[in-house]
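K.L.:
Sharing query.cif (mmCIF, N, CA and C atoms) below.
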```cif
data_run
loop_
_atom_site.label_atom_id
_atom_site.label_comp_id
_atom_site.auth_asym_id
_atom_site.auth_seq_id
_atom_site.Cartn_x
_atom_site.Cartn_y
_atom_site.Cartn_z
N MET A 1 -133.45 -186.50 -9.36
CA MET A 1 -134.28 -185.58 -8.61
C MET A 1 -133.55 -184.24 -8.53
N ILE A 2 -134.25 -183.19 -8.77
CA ILE A 2 -133.69 -181.84 -8.73
C ILE A 2 -133.73 -181.36 -7.28
N TRP A 3 -132.57 -180.95 -6.78
CA TRP A 3 -132.43 -180.51 -5.40
C TRP A 3 -132.89 -179.07 -5.26
N LYS A 4 -133.78 -178.81 -4.28
CA LYS A 4 -134.26 -177.45 -4.03
C LYS A 4 -133.94 -177.08 -2.59
N LYS A 5 -133.26 -175.96 -2.41
CA LYS A 5 -132.82 -175.54 -1.09
C LYS A 5 -133.99 -175.27 -0.14
N ASN A 6 -135.08 -174.73 -0.65
CA ASN A 6 -136.21 -174.41 0.25
C ASN A 6 -136.81 -175.68 0.85
N ILE A 7 -136.79 -176.79 0.12
CA ILE A 7 -137.30 -178.05 0.67
C ILE A 7 -136.37 -178.53 1.78
N TYR A 8 -135.08 -178.49 1.52
CA TYR A 8 -134.10 -178.89 2.53
C TYR A 8 -134.22 -178.01 3.78
N ASP A 9 -134.35 -176.70 3.59
CA ASP A 9 -134.48 -175.78 4.72
C ASP A 9 -135.74 -176.06 5.54
N THR A 10 -136.83 -176.37 4.86
CA THR A 10 -138.08 -176.69 5.57
C THR A 10 -137.92 -177.97 6.39
N LEU A 11 -137.32 -178.99 5.80
CA LEU A 11 -137.13 -180.25 6.51
C LEU A 11 -136.25 -180.08 7.74
N THR A 12 -135.14 -179.37 7.59
CA THR A 12 -134.25 -179.17 8.74
C THR A 12 -134.88 -178.22 9.76
N GLY A 13 -135.66 -177.26 9.28
CA GLY A 13 -136.36 -176.36 10.20
C GLY A 13 -137.38 -177.10 11.04
N CYS A 14 -138.11 -178.00 10.41
CA CYS A 14 -139.11 -178.79 11.14
C CYS A 14 -138.42 -179.70 12.16
N ALA A 15 -137.31 -180.29 11.76
CA ALA A 15 -136.56 -181.16 12.68
C ALA A 15 -136.10 -180.38 13.90
N THR A 16 -135.58 -179.20 13.67
CA THR A 16 -135.08 -178.36 14.77
C THR A 16 -136.21 -177.91 15.69
N LEU A 17 -137.29 -177.44 15.09
CA LEU A 17 -138.42 -176.94 15.87
C LEU A 17 -139.06 -178.06 16.70
N CYS A 18 -139.31 -179.20 16.07
CA CYS A 18 -139.96 -180.31 16.80
C CYS A 18 -139.06 -180.84 17.91
N ASP A 19 -137.76 -180.86 17.67
CA ASP A 19 -136.83 -181.32 18.68
C ASP A 19 -136.82 -180.38 19.89
N SER A 20 -136.78 -179.09 19.62
CA SER A 20 -136.77 -178.13 20.73
C SER A 20 -138.12 -178.10 21.45
N PHE A 21 -139.21 -178.29 20.69
CA PHE A 21 -140.53 -178.30 21.32
C PHE A 21 -140.68 -179.51 22.24
N ALA A 22 -140.15 -180.65 21.83
CA ALA A 22 -140.20 -181.85 22.67
C ALA A 22 -139.43 -181.61 23.97
N THR A 23 -138.32 -180.91 23.88
CA THR A 23 -137.53 -180.58 25.08
C THR A 23 -138.33 -179.65 25.99
N GLU A 24 -138.98 -178.65 25.39
CA GLU A 24 -139.80 -177.74 26.18
C GLU A 24 -140.94 -178.48 26.88
N CYS A 25 -141.58 -179.38 26.17
CA CYS A 25 -142.70 -180.14 26.74
C CYS A 25 -142.25 -181.00 27.91
N SER A 26 -141.04 -181.53 27.82
CA SER A 26 -140.55 -182.40 28.89
C SER A 26 -140.27 -181.62 30.18
N ARG A 27 -140.25 -180.30 30.10
CA ARG A 27 -140.02 -179.47 31.28
C ARG A 27 -141.31 -179.01 31.95
N HIS A 28 -142.45 -179.34 31.36
CA HIS A 28 -143.74 -178.95 31.95
C HIS A 28 -143.98 -179.71 33.24
N GLU A 29 -144.66 -179.05 34.17
CA GLU A 29 -144.98 -179.70 35.44
C GLU A 29 -145.97 -180.84 35.23
N ASP A 30 -146.91 -180.66 34.33
CA ASP A 30 -147.90 -181.70 34.04
C ASP A 30 -147.46 -182.53 32.83
N ILE A 31 -146.29 -183.11 32.94
CA ILE A 31 -145.67 -183.82 31.83
C ILE A 31 -146.52 -184.98 31.32
N GLU A 32 -147.36 -185.54 32.18
CA GLU A 32 -148.21 -186.66 31.77
C GLU A 32 -149.12 -186.27 30.61
N ASN A 33 -149.55 -185.02 30.60
CA ASN A 33 -150.42 -184.54 29.51
C ASN A 33 -149.66 -184.33 28.21
N TRP A 34 -148.35 -184.30 28.28
CA TRP A 34 -147.52 -183.98 27.13
C TRP A 34 -146.77 -185.18 26.55
N TYR A 35 -146.92 -186.36 27.15
CA TYR A 35 -146.15 -187.53 26.69
C TYR A 35 -146.30 -187.80 25.20
N ARG A 36 -147.53 -187.90 24.75
CA ARG A 36 -147.77 -188.21 23.33
C ARG A 36 -147.16 -187.13 22.43
N SER A 37 -147.31 -185.91 22.82
CA SER A 37 -146.75 -184.80 22.05
C SER A 37 -145.23 -184.87 22.01
N ILE A 38 -144.62 -185.20 23.13
CA ILE A 38 -143.16 -185.31 23.19
C ILE A 38 -142.68 -186.38 22.22
N PHE A 39 -143.27 -187.56 22.30
CA PHE A 39 -142.83 -188.66 21.44
C PHE A 39 -143.09 -188.40 19.96
N LEU A 40 -144.25 -187.83 19.66
CA LEU A 40 -144.54 -187.52 18.26
C LEU A 40 -143.60 -186.44 17.71
N ASN A 41 -143.28 -185.46 18.53
CA ASN A 41 -142.35 -184.42 18.08
C ASN A 41 -140.94 -184.97 17.90
N LEU A 42 -140.52 -185.88 18.77
CA LEU A 42 -139.21 -186.51 18.58
C LEU A 42 -139.19 -187.37 17.32
N ASP A 43 -140.28 -188.11 17.08
CA ASP A 43 -140.38 -188.90 15.85
C ASP A 43 -140.34 -188.01 14.62
N CYS A 44 -141.08 -186.92 14.68
CA CYS A 44 -141.14 -185.98 13.56
C CYS A 44 -139.76 -185.39 13.30
N ALA A 45 -139.06 -185.00 14.35
CA ALA A 45 -137.73 -184.42 14.21
C ALA A 45 -136.77 -185.43 13.56
N ASP A 46 -136.81 -186.67 14.02
CA ASP A 46 -135.92 -187.69 13.47
C ASP A 46 -136.23 -187.99 12.01
N MET A 47 -137.52 -188.09 11.69
CA MET A 47 -137.92 -188.38 10.30
C MET A 47 -137.51 -187.24 9.37
N CYS A 48 -137.77 -186.01 9.78
CA CYS A 48 -137.44 -184.86 8.92
C CYS A 48 -135.93 -184.73 8.73
N ARG A 49 -135.19 -184.98 9.78
CA ARG A 49 -133.72 -184.90 9.70
C ARG A 49 -133.19 -185.97 8.74
N GLN A 50 -133.69 -187.18 8.87
CA GLN A 50 -133.24 -188.27 8.00
C GLN A 50 -133.66 -188.03 6.55
N LEU A 51 -134.88 -187.54 6.36
CA LEU A 51 -135.35 -187.25 5.01
C LEU A 51 -134.50 -186.15 4.37
N ALA A 52 -134.12 -185.15 5.13
CA ALA A 52 -133.27 -184.07 4.59
C ALA A 52 -131.94 -184.64 4.11
N MET A 53 -131.36 -185.56 4.86
CA MET A 53 -130.10 -186.16 4.45
C MET A 53 -130.25 -186.98 3.18
N LEU A 54 -131.30 -187.79 3.11
CA LEU A 54 -131.53 -188.60 1.91
C LEU A 54 -131.82 -187.71 0.71
N TYR A 55 -132.56 -186.64 0.94
CA TYR A 55 -132.93 -185.72 -0.14
C TYR A 55 -131.69 -185.06 -0.75
N VAL A 56 -130.81 -184.57 0.10
CA VAL A 56 -129.60 -183.90 -0.38
C VAL A 56 -128.71 -184.88 -1.13
N ARG A 57 -128.64 -186.10 -0.63
CA ARG A 57 -127.81 -187.13 -1.28
C ARG A 57 -128.40 -187.62 -2.58
N GLY A 58 -129.69 -187.39 -2.78
CA GLY A 58 -130.35 -187.89 -3.98
C GLY A 58 -130.62 -189.37 -3.92
N SER A 59 -130.82 -189.88 -2.72
CA SER A 59 -131.03 -191.31 -2.53
C SER A 59 -132.33 -191.77 -3.19
N GLU A 60 -132.30 -192.99 -3.70
CA GLU A 60 -133.51 -193.56 -4.30
C GLU A 60 -134.57 -193.87 -3.26
N ASN A 61 -134.19 -193.87 -1.99
CA ASN A 61 -135.13 -194.15 -0.90
C ASN A 61 -135.81 -192.90 -0.36
N THR A 62 -135.51 -191.76 -0.94
CA THR A 62 -136.11 -190.50 -0.48
C THR A 62 -137.63 -190.56 -0.57
N ARG A 63 -138.14 -191.10 -1.65
CA ARG A 63 -139.58 -191.17 -1.85
C ARG A 63 -140.27 -192.00 -0.76
N LEU A 64 -139.67 -193.12 -0.41
CA LEU A 64 -140.26 -193.98 0.63
C LEU A 64 -140.34 -193.25 1.97
N LEU A 65 -139.27 -192.57 2.32
CA LEU A 65 -139.26 -191.86 3.60
C LEU A 65 -140.16 -190.63 3.57
N ALA A 66 -140.31 -190.01 2.40
CA ALA A 66 -141.20 -188.85 2.29
C ALA A 66 -142.64 -189.25 2.60
N SER A 67 -143.05 -190.42 2.13
CA SER A 67 -144.41 -190.90 2.42
C SER A 67 -144.61 -191.12 3.91
N ALA A 68 -143.63 -191.73 4.55
CA ALA A 68 -143.72 -191.95 6.00
C ALA A 68 -143.67 -190.64 6.76
N CYS A 69 -142.87 -189.71 6.27
CA CYS A 69 -142.74 -188.41 6.93
C CYS A 69 -144.07 -187.64 6.92
N ILE A 70 -144.80 -187.78 5.84
CA ILE A 70 -146.12 -187.13 5.76
C ILE A 70 -147.02 -187.63 6.88
N GLU A 71 -147.04 -188.94 7.08
CA GLU A 71 -147.89 -189.52 8.13
C GLU A 71 -147.48 -189.04 9.52
N VAL A 72 -146.18 -189.02 9.78
CA VAL A 72 -145.71 -188.61 11.10
C VAL A 72 -145.99 -187.13 11.33
N CYS A 73 -145.76 -186.29 10.31
CA CYS A 73 -146.02 -184.86 10.45
C CYS A 73 -147.51 -184.59 10.67
N GLU A 74 -148.37 -185.36 9.99
CA GLU A 74 -149.82 -185.20 10.19
C GLU A 74 -150.21 -185.52 11.63
N LYS A 75 -149.66 -186.61 12.18
CA LYS A 75 -149.97 -186.99 13.57
C LYS A 75 -149.45 -185.94 14.54
N CYS A 76 -148.25 -185.46 14.29
CA CYS A 76 -147.64 -184.45 15.15
C CYS A 76 -148.47 -183.16 15.13
N ALA A 77 -148.87 -182.74 13.93
CA ALA A 77 -149.66 -181.52 13.78
C ALA A 77 -151.01 -181.65 14.49
N GLN A 78 -151.66 -182.79 14.35
CA GLN A 78 -152.95 -182.99 15.01
C GLN A 78 -152.81 -183.01 16.53
N GLU A 79 -151.71 -183.57 17.02
CA GLU A 79 -151.50 -183.63 18.46
C GLU A 79 -151.33 -182.24 19.07
N VAL A 80 -150.50 -181.39 18.44
CA VAL A 80 -150.26 -180.07 19.02
C VAL A 80 -151.44 -179.13 18.83
N LEU A 81 -152.32 -179.48 17.92
CA LEU A 81 -153.50 -178.64 17.67
C LEU A 81 -154.43 -178.58 18.88
N GLN A 82 -154.38 -179.61 19.72
CA GLN A 82 -155.27 -179.64 20.88
C GLN A 82 -154.82 -178.67 21.99
N PHE A 83 -153.56 -178.26 21.97
CA PHE A 83 -153.06 -177.30 22.95
C PHE A 83 -153.13 -175.91 22.35
N GLU A 84 -153.58 -174.97 23.13
CA GLU A 84 -153.77 -173.63 22.60
C GLU A 84 -152.72 -172.66 23.14
N ASN A 85 -151.56 -172.68 22.50
CA ASN A 85 -150.55 -171.66 22.78
C ASN A 85 -149.79 -171.37 21.49
N ASP A 86 -149.04 -170.29 21.50
CA ASP A 86 -148.36 -169.85 20.27
C ASP A 86 -147.34 -170.86 19.77
N ARG A 87 -146.63 -171.48 20.68
CA ARG A 87 -145.59 -172.44 20.28
C ARG A 87 -146.21 -173.65 19.58
N CYS A 88 -147.35 -174.11 20.07
CA CYS A 88 -148.04 -175.24 19.43
C CYS A 88 -148.52 -174.85 18.04
N GLN A 89 -149.00 -173.64 17.90
CA GLN A 89 -149.44 -173.16 16.59
C GLN A 89 -148.26 -173.08 15.61
N GLN A 90 -147.09 -172.72 16.14
CA GLN A 90 -145.89 -172.65 15.32
C GLN A 90 -145.48 -174.05 14.84
N VAL A 91 -145.54 -175.03 15.73
CA VAL A 91 -145.22 -176.41 15.36
C VAL A 91 -146.23 -176.92 14.34
N TYR A 92 -147.50 -176.62 14.55
CA TYR A 92 -148.55 -177.03 13.62
C TYR A 92 -148.28 -176.48 12.22
N ALA A 93 -147.98 -175.18 12.14
CA ALA A 93 -147.73 -174.54 10.85
C ALA A 93 -146.49 -175.13 10.16
N MET A 94 -145.46 -175.41 10.94
CA MET A 94 -144.24 -175.97 10.37
C MET A 94 -144.47 -177.38 9.85
N CYS A 95 -145.23 -178.17 10.59
CA CYS A 95 -145.54 -179.53 10.13
C CYS A 95 -146.37 -179.49 8.85
N GLN A 96 -147.30 -178.55 8.75
CA GLN A 96 -148.10 -178.42 7.52
C GLN A 96 -147.22 -178.04 6.33
N GLN A 97 -146.27 -177.14 6.56
CA GLN A 97 -145.35 -176.73 5.51
C GLN A 97 -144.46 -177.92 5.08
N THR A 98 -144.05 -178.72 6.04
CA THR A 98 -143.22 -179.88 5.75
C THR A 98 -144.00 -180.91 4.95
N ILE A 99 -145.26 -181.08 5.25
CA ILE A 99 -146.11 -182.01 4.49
C ILE A 99 -146.14 -181.59 3.03
N HIS A 100 -146.28 -180.30 2.77
CA HIS A 100 -146.29 -179.80 1.39
C HIS A 100 -144.95 -180.08 0.70
N CYS A 101 -143.86 -179.94 1.42
CA CYS A 101 -142.55 -180.23 0.85
C CYS A 101 -142.41 -181.72 0.53
N CYS A 102 -142.92 -182.56 1.41
CA CYS A 102 -142.85 -184.01 1.17
C CYS A 102 -143.68 -184.39 -0.06
N VAL A 103 -144.82 -183.75 -0.23
CA VAL A 103 -145.63 -183.98 -1.42
C VAL A 103 -144.85 -183.54 -2.66
N SER A 104 -144.14 -182.43 -2.58
CA SER A 104 -143.30 -181.98 -3.69
C SER A 104 -142.22 -183.00 -4.02
N ILE A 105 -141.62 -183.59 -2.99
CA ILE A 105 -140.60 -184.62 -3.21
C ILE A 105 -141.21 -185.81 -3.94
N LEU A 106 -142.40 -186.21 -3.52
CA LEU A 106 -143.06 -187.34 -4.18
C LEU A 106 -143.37 -187.03 -5.64
N GLU A 107 -143.79 -185.81 -5.90
CA GLU A 107 -144.09 -185.40 -7.28
C GLU A 107 -142.83 -185.34 -8.13
N MET A 108 -141.74 -184.85 -7.55
CA MET A 108 -140.47 -184.77 -8.29
C MET A 108 -139.94 -186.14 -8.62
N SER A 109 -140.00 -187.05 -7.66
CA SER A 109 -139.46 -188.39 -7.91
C SER A 109 -140.32 -189.15 -8.91
N GLY A 110 -141.59 -188.82 -8.97
CA GLY A 110 -142.46 -189.44 -9.98
C GLY A 110 -142.10 -188.99 -11.38
N GLN A 111 -141.67 -187.73 -11.51
CA GLN A 111 -141.27 -187.20 -12.82
C GLN A 111 -139.96 -187.80 -13.28
N THR A 112 -139.02 -188.00 -12.36
CA THR A 112 -137.72 -188.53 -12.77
C THR A 112 -137.84 -189.97 -13.21
N ASN A 113 -138.77 -190.72 -12.64
CA ASN A 113 -138.94 -192.11 -13.06
C ASN A 113 -139.45 -192.19 -14.49
N ALA A 114 -140.22 -191.19 -14.92
CA ALA A 114 -140.74 -191.19 -16.28
C ALA A 114 -139.64 -190.86 -17.29
N VAL A 115 -138.65 -190.09 -16.90
CA VAL A 115 -137.59 -189.67 -17.80
C VAL A 115 -136.56 -190.79 -17.98
N HIS A 116 -136.19 -191.46 -16.91
CA HIS A 116 -135.17 -192.50 -16.96
C HIS A 116 -135.83 -193.88 -16.89
N PRO A 117 -135.53 -194.76 -17.83
CA PRO A 117 -136.13 -196.09 -17.78
C PRO A 117 -135.59 -196.87 -16.58
N ALA A 118 -136.41 -197.76 -16.06
CA ALA A 118 -136.03 -198.54 -14.89
C ALA A 118 -135.03 -199.63 -15.27
N THR A 119 -134.99 -200.04 -16.53
CA THR A 119 -134.08 -201.09 -16.95
C THR A 119 -132.99 -200.52 -17.85
N THR A 120 -131.87 -201.18 -17.87
CA THR A 120 -130.76 -200.76 -18.72
C THR A 120 -130.91 -201.45 -20.07
N PRO A 121 -130.81 -200.70 -21.16
CA PRO A 121 -130.96 -201.31 -22.48
C PRO A 121 -129.87 -202.35 -22.75
N MET A 122 -130.25 -203.43 -23.41
CA MET A 122 -129.30 -204.50 -23.72
C MET A 122 -128.20 -204.01 -24.65
N SER A 123 -128.50 -203.02 -25.48
CA SER A 123 -127.49 -202.52 -26.41
C SER A 123 -126.28 -201.95 -25.67
N LEU A 124 -126.50 -201.42 -24.47
CA LEU A 124 -125.39 -200.92 -23.68
C LEU A 124 -124.45 -202.05 -23.30
N PHE A 125 -125.02 -203.17 -22.86
CA PHE A 125 -124.19 -204.31 -22.50
C PHE A 125 -123.50 -204.90 -23.73
N TYR A 126 -124.19 -204.93 -24.84
CA TYR A 126 -123.61 -205.46 -26.07
C TYR A 126 -122.39 -204.62 -26.48
N GLY A 127 -122.52 -203.30 -26.36
CA GLY A 127 -121.42 -202.42 -26.70
C GLY A 127 -120.22 -202.63 -25.78
N ILE A 128 -120.46 -202.86 -24.51
CA ILE A 128 -119.37 -203.11 -23.56
C ILE A 128 -118.68 -204.42 -23.90
N ASP A 129 -119.47 -205.47 -24.14
CA ASP A 129 -118.90 -206.77 -24.48
C ASP A 129 -118.12 -206.70 -25.78
N LEU A 130 -118.65 -205.97 -26.76
CA LEU A 130 -118.00 -205.87 -28.05
C LEU A 130 -116.66 -205.16 -27.94
N ARG A 131 -116.60 -204.09 -27.15
CA ARG A 131 -115.33 -203.37 -26.97
C ARG A 131 -114.30 -204.26 -26.26
N GLU A 132 -114.76 -205.01 -25.28
CA GLU A 132 -113.85 -205.89 -24.57
C GLU A 132 -113.31 -206.98 -25.48
N THR A 133 -114.16 -207.50 -26.34
CA THR A 133 -113.75 -208.52 -27.29
C THR A 133 -112.73 -207.97 -28.28
N LEU A 134 -112.98 -206.77 -28.76
CA LEU A 134 -112.06 -206.15 -29.71
C LEU A 134 -110.71 -205.86 -29.06
N TYR A 135 -110.73 -205.48 -27.79
CA TYR A 135 -109.51 -205.16 -27.07
C TYR A 135 -108.65 -206.39 -26.89
N ASN A 136 -109.29 -207.52 -26.53
CA ASN A 136 -108.56 -208.77 -26.28
C ASN A 136 -108.05 -209.32 -27.60
#
```
As structure tokens - that is how I would like this structure written.

P.N.:
Amino acid sequence: MIWKKNIYDTLTGCATLCDSFATECSRHEDIENWYRSIFLNLDCADMCRQLAMLYVRGSENTRLLASACIEVCEKCAQEVLQFENDRCQQVYAMCQQTIHCCVSILEMSGQTNAVHPATTPMSLFYGIDLRETLYN
């Protein structure tokens, strides 16, 4: 997978924004109205942070987490859409941008699977065995 800094920046930006927004929501006087938003934003922050780490490392599990991250970001975006203030609009826009980045990750990992075969050719093992036999 080819590493792109803008994808990493978007993922970490979403994690930071959702985390701080959840903290802001927990300070509201009518916190009961914000419970779902708080939990979804915390989930979104955790997923985006973890996905950013896997993405930078080039983990084979990046694709799996990207799919889950899309679902969490969609739920988070839909939840904040019901509140009408600038901060909620900012979270909504960031979650939408993160969804696009996750789709890019899925597309990139699909391309790399086509380039590299999933199985190791037997000729590679034969060559290793043959060299070891010759050495002994």

K.L.:
Can you turn the PyMOL selection byres (((chain A and resi 22-25 and name CA) around 7) and name CA) into a concrete residue list for this file, as a list in words?

P.N.:
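The output of the PyMOL selection byres (((chain A and resi 22-25 and name CA) around 7) and name CA) on this file is Cys18, Asp19, Ser20, Phe21, Ser26, Arg27, His28, Ile31, Trp34, Ile38, Asn41 and Leu42 of chain A.
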
K.L.:
Just the number, please: distance in Å from atom N of Leu54 (chain A) to atom C of Asp86 (chain A), one decimal.

P.N.:
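One can read the atom N of Leu54 (chain A) to atom C of Asp86 (chain A) distance as 28.7 Å.
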
K.L.:
Any idea what the distance is between CA of Leu11 (chain A) and CA of Arg49 (chain A)?

P.N.:
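Distance between the two atoms: 6.6 Å.
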
K.L.:
Just so the selection is clear, what residues does the PyMOL selection byres ((chain A and resi 93-103) around 6.5) cover here, as number ranges by chain?

P.N.:
A: 7, 10-11, 14, 66-67, 69-70, 73-74, 77, 88-92, 104-108

K.L.:
I'd like the interatomic distance between atom N of Thr12 (chain A) and CA of Leu64 (chain A), to a tenth of an Å.

P.N.:
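Taking atom N of Thr12 (chain A) and CA of Leu64 (chain A), their separation equals 17.0 Å.
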
K.L.:
Could you give me the axis-aligned bounding box of region 88-97 of chain A, with 8 Å of padding per side, as centre plus edge lengths in Å to one decimal, as lines of an AutoDock Vina configuration file?

P.N.:
```
center_x = -146.8
center_y = -176.1
center_z = 12.6
size_x = 21.2
size_y = 22.9
size_z = 31.0
```

K.L.:
Might you spell out which residues the PyMOL selection byres ((chain A and resi 51) around 8) would select in the displayed file, as a PyMOL selection string?

P.N.:
chain A and resi 8+11-12+45-50+52-57+61-62+65-66+69

K.L.:
Which of these residues is nearest to Leu40 (chain A), using only C-alpha atoms: A:Val72, A:Arg87, A:Gly58, A:Gln82?

P.N.:
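Between A:Val72, A:Arg87, A:Gly58, A:Gln82, the residue approaching Leu40 (chain A) most closely is A:Val72.
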
K.L.:
Counting only C-alpha atoms, which residue out of A:Ser59, A:Asn6, A:Ser37, A:Asp43 sits closest to Gln78 (chain A)?

P.N.:
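Of the candidates, the smallest distance to Gln78 (chain A) is held by A:Ser37.
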
K.L.:
Just add N, CA, C and O atoms to region 24-35 of chain A and send it as a compact mmCIF listing (two decimals), in the coordinates of the input.

P.N.:
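Ended up saving to result_25.txt:
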```txt
# COMPACT_ATOMS: atom_id res chain seq x y z
N GLU A 24 -138.98 -178.65 25.39
CA GLU A 24 -139.80 -177.74 26.18
C GLU A 24 -140.94 -178.48 26.88
O GLU A 24 -141.24 -178.22 28.06
N CYS A 25 -141.58 -179.38 26.17
CA CYS A 25 -142.70 -180.14 26.74
C CYS A 25 -142.25 -181.00 27.91
O CYS A 25 -142.99 -181.19 28.88
N SER A 26 -141.04 -181.53 27.82
CA SER A 26 -140.55 -182.40 28.89
C SER A 26 -140.27 -181.62 30.18
O SER A 26 -140.10 -182.22 31.23
N ARG A 27 -140.25 -180.30 30.10
CA ARG A 27 -140.02 -179.47 31.28
C ARG A 27 -141.31 -179.01 31.95
O ARG A 27 -141.26 -178.34 32.99
N HIS A 28 -142.45 -179.34 31.36
CA HIS A 28 -143.74 -178.95 31.95
C HIS A 28 -143.98 -179.71 33.24
O HIS A 28 -143.57 -180.86 33.39
N GLU A 29 -144.66 -179.05 34.17
CA GLU A 29 -144.98 -179.70 35.44
C GLU A 29 -145.97 -180.84 35.23
O GLU A 29 -145.90 -181.85 35.90
N ASP A 30 -146.91 -180.66 34.33
CA ASP A 30 -147.90 -181.70 34.04
C ASP A 30 -147.46 -182.53 32.83
O ASP A 30 -148.17 -182.67 31.85
N ILE A 31 -146.29 -183.11 32.94
CA ILE A 31 -145.67 -183.82 31.83
C ILE A 31 -146.52 -184.98 31.32
O ILE A 31 -146.45 -185.35 30.15
N GLU A 32 -147.36 -185.54 32.18
CA GLU A 32 -148.21 -186.66 31.77
C GLU A 32 -149.12 -186.27 30.61
O GLU A 32 -149.44 -187.11 29.76
N ASN A 33 -149.55 -185.02 30.60
CA ASN A 33 -150.42 -184.54 29.51
C ASN A 33 -149.66 -184.33 28.21
O ASN A 33 -150.27 -184.17 27.15
N TRP A 34 -148.35 -184.30 28.28
CA TRP A 34 -147.52 -183.98 27.13
C TRP A 34 -146.77 -185.18 26.55
O TRP A 34 -146.06 -185.05 25.56
N TYR A 35 -146.92 -186.36 27.15
CA TYR A 35 -146.15 -187.53 26.69
C TYR A 35 -146.30 -187.80 25.20
O TYR A 35 -145.32 -187.94 24.48
```
